[in-house]
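For reference, the structure discussed in these notes is given below.
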Amino acid sequence: MPSVCWLIMQVFLLILGTLCQQNTLECDHVMGLVEEMKKLGFCFDGTDWENVIRFLVRRNKGVEASEALNGMKLDGFKHDVICYTMVLDAVISAGEFERVDQVFDEMLVSGLVPNIHTYNVYVSGLCKQNKFGDGIYK
């Protein structure tokens, strides 16, 4: 039988996942809950981090999505191409173009191979910066 602490943690993580699916919440509310949960010692798994990243991406919060990706890494979870692509999309949508190459290069250094969707997002970001040639030679 699971312990009471384990059950409480699962309930809070379920609440976090549900909040991340809502379209009416502000980022500050969700990120505040994440910070409080981390302070209390809650352990996020890869799915929890992916829920937070998706929430931030839907809000065009590129910097925050990138920070959540780093939080995921600090918690020992390996990122996948989908997470990086979501963060790239958020960074581009937020106009944080100085982070685009940083996120893309980090993905490559970690040994992940971009898929066609990743390249579409990346090239779209380059086009929004009028760097048409960089998409051909990168």
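Please note that chains go A, B, ... in the order of the structure tokens, that every chain numbers its residues from 1, and that ligands are numbered from 1 in the order shown.
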
Could you give me, as a PyMOL selection string, the residues within 9 Å of region 73-76 of chain A, counting only C-alpha atoms and dropping anything in the same chain fewer than 3 positions from it?
chain A and resi 43-46+68-70+79

Using only C-alpha atoms, which protein or nucleic acid residues come within 12 Å of Glu50 (chain A)? Drop anything in the same chain fewer than 3 positions from it, and give the result as an NGL selection string.
:A and (16-17 or 20-21 or 44-47 or 53-57 or 65-66 or 68-73 or 77-87)

Excluding same-chain residues fewer than 2 positions from region 116-127 of chain A, what lies within 12 Å of it counting only C-alpha atoms, as a ChimeraX atom specification?
/A:80-105,107-108,112-114,129-138

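Every protein, DNA or RNA residue with an atom at most 12 Å from Thr18 (chain A), where only C-alpha atoms count and chain neighbours fewer than 6 positions away do not, is listed here: Val11, Phe12, Thr24, Leu25, Val30, Asp48, Asn51, Val52 and Phe55 of chain A.
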
Could you tell me how far CA of Asn60 (chain A) lies from CA of Phe42 (chain A), in Å and to one decimal?
26.1 Å
